[in-house]
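Colleague: Quick one: the structure is below, questions incoming.
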Amino acid sequence: MDATGAAGDDSTSEGRAADTLDGSADTDRPDDGAGITDEDAAGSPGEGGANLPDEDAADGLGEDETVELVARADDVEIAADAADIADGFGEDETIEPVAAPVAREDDVEIADAEFRDARREERRSFDDRRGKRGGRDLDDAALARELLEAPELPEDIEYSDLDPDVRRELRSLPKSLAETVGKHLVAAGNLIDTDPEAALAHAKYAKTRASRIPIVREALGLVSYHAGRWQEALAELRAVRRMTHTDQHIAVIADAERALGRPERALDLAKEMQGRKLPRDVEIELKIVAAGARRDLGQVDAAVVSLQGDDLDPRKRDPWSARLFYAYADNLVAADRTEEALRWFLHAAEADTEDETDAAERAAELANG
């Protein structure tokens with residue numbers, strides 16, 4: 001907000017208001033008795049009591065002297081009119097000049113300095129108001145409080161441990177802040193399987209420092225999902241979807257809806273994605289979630305059928321094969337097709353080289369049961 005306040009440069013001349021009445025003009029005057037009698041020179045008094053020259057008096061003068069007398073008579077009339085006007089005002093109601101005289105040079109310099117000071121004060125006031133909205137850097141007290149609230153980082157955490165793609169996304173931050181946020185993301189990733197609550201604390205802190213970075217919101221959403229915080233996971237991953245305009249985490253979003261007891265929404269999301277080009281792993285994961293939502297709704301046979309397809313081949317070893325085989329076996333159990341379920345749990349155990357599932361234990365339970 002800019003404040004403006006420049007004084008106008010009005011100028012008038014005091015002499016323009018009234019001419020000076022001067023009775024001591026240096027005009028050459030004729031000697032006394034030069035063809036003019038005292039009676040003729042005096043003339044006759046006018047009605048207002050003012051002795052004004054008349055035609056007879058002017059006849060005995062030269063041309064220059066006649067002009068002078070007429071001018072002096074006009075001045076007397078102007079003065080009388082001014083006096084009449086002044087009588088109509090009180091003592092305090094004098095007529096002010098139309099405009100102030102031109103300011104002196106030093107007055108202009110003082111006014112300019114005051115104007116600049118006012119602008120600086122206004123800018124400071126604006127900065128203070130903006131600071132209340134979080135536009136300025138944190139003051140010392142707030143920074144100290146924030147450092148105390150930060151979860152303690154494990155000693156072995158290094159910024160270089162962060163995935164290169166994630167480091168690139170953090171480049172928009174100041175270097176020191178990027179390293180701080182990055183270390184907390186590393187800590188969250190390391191703790192997500194062993195201590196989900198501690199991982200959640202690190203991810204939440206990272207969000208407080210860089211909430212506009214999609215990868216930070218993504219990390220918090222996934223950690224919240226693994227910690228069973230379904231509503232928080234939904235909020236963060238929906239935000240990531242809006243920020244990035246991608247459906248990378250649509251299966252996780254659908255599963256969180258299912259976990260919150262809203263299987264219909266999970267199926268709606270699956271239908272929404274039909275015909276869209278999704279990464280193959282995301283497509284398979286969404287198919288697994290949709291099958292689970294159908295089972296939640298009592299559509300067990302439909303759940304089994306929905307997982308069948310080219311990818312359901314026990315000879316395949318794709319990154320998603322173990323999870324697909326496991327989900328198929330689990331739905332077969334729900335459909336009371338135990339023998340088939342045992343066989344597919346075994347297929348899942350063989351494909352699960354990363355021990356992502358408990359397929360072997362489930363197969364053993366069915367075999368002994």
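All residue names refer to the structure tokens as shown: chains lettered A, B, ... in order, residues numbered from 1 in each chain, ligands numbered from 1 in order.
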Please list as a ChimeraX atom specification every residue within 8 Å of stretch 180-197 of chain A, counting only C-alpha atoms and excluding residues in the same chain fewer than 2 positions away.

Modeller: /A:153-154,157-159,161-162,167,170,176-178,199-203,205-206,209-210,216,219,223,226-227

Colleague: Taking 6 positions as the minimum chain separation for residues in the same chain, which residues sit within 9 Å of A:Tyr328 when counting only C-alpha atoms? Answer as a PyMOL selection string.

Modeller: chain A and resi 288+291+303-304+307-308+312+341+344-345

Colleague: Rounded to one decimal, what separation in Å do you get between atom CA of A:Ala270 and atom CA of A:His249?

Modeller: 12.1 Å

Colleague: For A:Val300, find every residue with an atom within 10 Å (counting only C-alpha atoms), except residues of its own chain fewer than 5 positions away, and show them as a PDB file with N, CA and C atoms, in the first residue's frame.

Modeller:
```
ATOM      1  N   ALA A 291     -11.153 -55.694  -5.304  1.00  0.00           N
ATOM      2  CA  ALA A 291     -11.617 -57.044  -4.955  1.00  0.00           C
ATOM      3  C   ALA A 291     -11.935 -57.119  -3.465  1.00  0.00           C
ATOM      4  N   GLY A 292     -11.087 -56.522  -2.652  1.00  0.00           N
ATOM      5  CA  GLY A 292     -11.361 -56.499  -1.209  1.00  0.00           C
ATOM      6  C   GLY A 292     -12.628 -55.726  -0.882  1.00  0.00           C
ATOM      7  N   ALA A 293     -12.876 -54.613  -1.604  1.00  0.00           N
ATOM      8  CA  ALA A 293     -14.093 -53.836  -1.375  1.00  0.00           C
ATOM      9  C   ALA A 293     -15.330 -54.638  -1.743  1.00  0.00           C
ATOM     10  N   ARG A 294     -15.248 -55.435  -2.807  1.00  0.00           N
ATOM     11  CA  ARG A 294     -16.385 -56.280  -3.184  1.00  0.00           C
ATOM     12  C   ARG A 294     -16.660 -57.333  -2.107  1.00  0.00           C
ATOM     13  N   ARG A 295     -15.573 -57.871  -1.565  1.00  0.00           N
ATOM     14  CA  ARG A 295     -15.748 -58.867  -0.498  1.00  0.00           C
ATOM     15  C   ARG A 295     -16.378 -58.227   0.731  1.00  0.00           C
ATOM     16  N   VAL A 305     -13.440 -63.453  -9.196  1.00  0.00           N
ATOM     17  CA  VAL A 305     -13.392 -63.320 -10.653  1.00  0.00           C
ATOM     18  C   VAL A 305     -12.649 -62.051 -11.079  1.00  0.00           C
ATOM     19  N   SER A 306     -12.791 -60.965 -10.319  1.00  0.00           N
ATOM     20  CA  SER A 306     -12.184 -59.692 -10.707  1.00  0.00           C
ATOM     21  C   SER A 306     -10.652 -59.738 -10.705  1.00  0.00           C
ATOM     22  N   ASN A 331      -9.091 -64.388  -1.184  1.00  0.00           N
ATOM     23  CA  ASN A 331     -10.493 -64.329  -1.590  1.00  0.00           C
ATOM     24  C   ASN A 331     -11.064 -65.723  -1.831  1.00  0.00           C
ATOM     25  N   LEU A 332     -10.198 -66.668  -2.237  1.00  0.00           N
ATOM     26  CA  LEU A 332     -10.650 -68.064  -2.367  1.00  0.00           C
ATOM     27  C   LEU A 332     -11.025 -68.632  -1.007  1.00  0.00           C
ATOM     28  N   VAL A 333     -10.289 -68.241   0.020  1.00  0.00           N
ATOM     29  CA  VAL A 333     -10.630 -68.688   1.382  1.00  0.00           C
ATOM     30  C   VAL A 333     -12.020 -68.167   1.747  1.00  0.00           C
ATOM     31  N   ALA A 334     -12.282 -66.885   1.445  1.00  0.00           N
ATOM     32  CA  ALA A 334     -13.580 -66.299   1.763  1.00  0.00           C
ATOM     33  C   ALA A 334     -14.702 -66.993   1.004  1.00  0.00           C
ATOM     34  N   ALA A 335     -14.375 -67.553  -0.156  1.00  0.00           N
ATOM     35  CA  ALA A 335     -15.379 -68.254  -0.973  1.00  0.00           C
ATOM     36  C   ALA A 335     -15.450 -69.745  -0.629  1.00  0.00           C
ATOM     37  N   ASP A 336     -14.764 -70.171   0.429  1.00  0.00           N
ATOM     38  CA  ASP A 336     -14.739 -71.574   0.880  1.00  0.00           C
ATOM     39  C   ASP A 336     -14.142 -72.505  -0.178  1.00  0.00           C
TER      40      ASP A 336
END
```

Colleague: Quick one: residues within 9 Å of A:Val240, only C-alpha atoms, excluding same-chain residues fewer than 4 positions away - as number ranges by chain?

Modeller: A: 214-215, 217-218, 221, 235-236, 244-246, 249

Colleague: For N, CA and C atoms, I'd like the residues from the last selection saved as a PDB file, in the first residue's frame.

Modeller:
```pdb
ATOM      1  N   PRO A 214       5.418 -31.396  -2.802  1.00  0.00           N
ATOM      2  CA  PRO A 214       4.578 -32.596  -2.928  1.00  0.00           C
ATOM      3  C   PRO A 214       5.207 -33.842  -2.320  1.00  0.00           C
ATOM      4  N   ILE A 215       6.528 -34.022  -2.485  1.00  0.00           N
ATOM      5  CA  ILE A 215       7.160 -35.244  -1.983  1.00  0.00           C
ATOM      6  C   ILE A 215       7.081 -35.332  -0.467  1.00  0.00           C
ATOM      7  N   ARG A 217       4.524 -34.056   1.381  1.00  0.00           N
ATOM      8  CA  ARG A 217       3.141 -34.455   1.677  1.00  0.00           C
ATOM      9  C   ARG A 217       2.925 -35.926   1.350  1.00  0.00           C
ATOM     10  N   GLU A 218       3.565 -36.399   0.292  1.00  0.00           N
ATOM     11  CA  GLU A 218       3.459 -37.808  -0.075  1.00  0.00           C
ATOM     12  C   GLU A 218       4.026 -38.702   1.021  1.00  0.00           C
ATOM     13  N   GLY A 221       1.668 -38.836   3.893  1.00  0.00           N
ATOM     14  CA  GLY A 221       0.494 -39.636   3.569  1.00  0.00           C
ATOM     15  C   GLY A 221       0.770 -41.128   3.648  1.00  0.00           C
ATOM     16  N   ALA A 235      -6.186 -37.338   3.596  1.00  0.00           N
ATOM     17  CA  ALA A 235      -6.016 -35.886   3.438  1.00  0.00           C
ATOM     18  C   ALA A 235      -4.726 -35.559   2.698  1.00  0.00           C
ATOM     19  N   GLU A 236      -3.633 -36.207   3.106  1.00  0.00           N
ATOM     20  CA  GLU A 236      -2.335 -35.887   2.506  1.00  0.00           C
ATOM     21  C   GLU A 236      -2.239 -36.384   1.062  1.00  0.00           C
ATOM     22  N   THR A 244       0.017 -32.588  -7.915  1.00  0.00           N
ATOM     23  CA  THR A 244       0.813 -33.195  -8.993  1.00  0.00           C
ATOM     24  C   THR A 244      -0.022 -33.584 -10.211  1.00  0.00           C
ATOM     25  N   HIS A 245      -1.343 -33.617 -10.048  1.00  0.00           N
ATOM     26  CA  HIS A 245      -2.251 -34.022 -11.143  1.00  0.00           C
ATOM     27  C   HIS A 245      -1.909 -35.431 -11.649  1.00  0.00           C
ATOM     28  N   THR A 246      -1.548 -36.304 -10.721  1.00  0.00           N
ATOM     29  CA  THR A 246      -1.270 -37.696 -11.072  1.00  0.00           C
ATOM     30  C   THR A 246      -2.096 -38.610 -10.168  1.00  0.00           C
ATOM     31  N   HIS A 249      -1.014 -42.639  -6.400  1.00  0.00           N
ATOM     32  CA  HIS A 249      -1.397 -43.250  -5.124  1.00  0.00           C
ATOM     33  C   HIS A 249      -2.901 -43.522  -5.040  1.00  0.00           C
TER      34      HIS A 249
END
```

Colleague: Distance atom CA of A:Ala348-atom CA of A:Asn368, one decimal place?

Modeller: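 Distance reported for this atom pair: 18.1 Å.
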
Colleague: Neighbouring residues of A:Ile253 were defined as those with any atom within 9 Å, considering only C-alpha atoms; residues of the same chain fewer than 3 positions away were excluded. Please report them as a list in words.

Modeller: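 That gives Trp230, Ala233, Leu234, Leu237, Arg238, His249, Ile250, Ala256, Glu257, Arg258, Ala266 and Leu269 of chain A.
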
Colleague: Can I get the selected residues back with N, CA, C and O atoms, as a compact mmCIF listing (two decimals), in the first residue's frame?

Modeller:
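Done, and the output landed in out.txt:
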```
# COMPACT_ATOMS: atom_id res chain seq x y z
N TRP A 230 -5.87 -43.57 8.82
CA TRP A 230 -6.50 -43.56 7.50
C TRP A 230 -6.94 -42.17 7.07
O TRP A 230 -6.75 -41.79 5.90
N ALA A 233 -4.00 -40.08 6.14
CA ALA A 233 -3.46 -40.57 4.86
C ALA A 233 -4.28 -40.05 3.70
O ALA A 233 -3.74 -39.59 2.68
N LEU A 234 -5.61 -40.11 3.85
CA LEU A 234 -6.49 -39.61 2.79
C LEU A 234 -6.25 -38.12 2.52
O LEU A 234 -6.13 -37.69 1.37
N LEU A 237 -2.70 -37.60 0.81
CA LEU A 237 -2.56 -38.16 -0.54
C LEU A 237 -3.53 -37.50 -1.52
O LEU A 237 -3.23 -37.39 -2.72
N ARG A 238 -4.67 -37.04 -1.04
CA ARG A 238 -5.54 -36.26 -1.91
C ARG A 238 -4.89 -34.93 -2.27
O ARG A 238 -4.99 -34.46 -3.41
N HIS A 249 -1.01 -42.64 -6.40
CA HIS A 249 -1.40 -43.25 -5.12
C HIS A 249 -2.90 -43.52 -5.04
O HIS A 249 -3.45 -43.60 -3.95
N ILE A 250 -3.53 -43.69 -6.18
CA ILE A 250 -4.98 -43.90 -6.17
C ILE A 250 -5.37 -45.19 -5.46
O ILE A 250 -6.42 -45.26 -4.80
N ALA A 256 -7.65 -46.71 1.80
CA ALA A 256 -7.95 -45.95 3.01
C ALA A 256 -9.47 -45.74 3.13
O ALA A 256 -10.02 -45.80 4.24
N GLU A 257 -10.12 -45.51 2.00
CA GLU A 257 -11.59 -45.39 2.03
C GLU A 257 -12.21 -46.69 2.50
O GLU A 257 -13.14 -46.69 3.32
N ARG A 258 -11.68 -47.79 2.01
CA ARG A 258 -12.19 -49.10 2.44
C ARG A 258 -11.94 -49.31 3.93
O ARG A 258 -12.82 -49.81 4.66
N ALA A 266 -14.34 -46.82 -2.57
CA ALA A 266 -13.19 -47.50 -3.17
C ALA A 266 -13.54 -48.02 -4.57
O ALA A 266 -12.76 -47.89 -5.51
N LEU A 269 -13.76 -45.17 -7.09
CA LEU A 269 -12.44 -44.74 -7.56
C LEU A 269 -11.91 -45.72 -8.61
O LEU A 269 -11.29 -45.31 -9.60
```

Colleague: Could you jot down the atom CA of A:Asp358 to atom CA of A:Leu346 separation for me, Å, one decimal place?

Modeller: 10.4 Å

Colleague: Assign secondary structure with DSSP using the backbone only, and return the residues of stretch 125-361 of chain A in helix (DSSP H, G or I) as a ChimeraX atom specification.

Modeller: /A:125-132,140-149,159-161,164-172,175-191,196-209,214-226,230-244,250-259,263-272,280-296,300-306,321-334,338-351,359-361

Colleague: Compare A:Leu366, A:Ala239, A:Ala150, A:Val282 by their minimum atom-to-atom distance to A:Ala251, counting only C-alpha atoms, and give me the closest one.

Modeller: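 So, comparing all the options, the nearest one is A:Val282.
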
Colleague: When you look at A:Met273 with a cut-off of 10 Å (counting only C-alpha atoms), what residues show up, excluding the ones that are within fewer than 3 positions of it in the same chain? I need them as a PyMOL selection string.

Modeller: chain A and resi 247+250+267-270+276-278+283+286
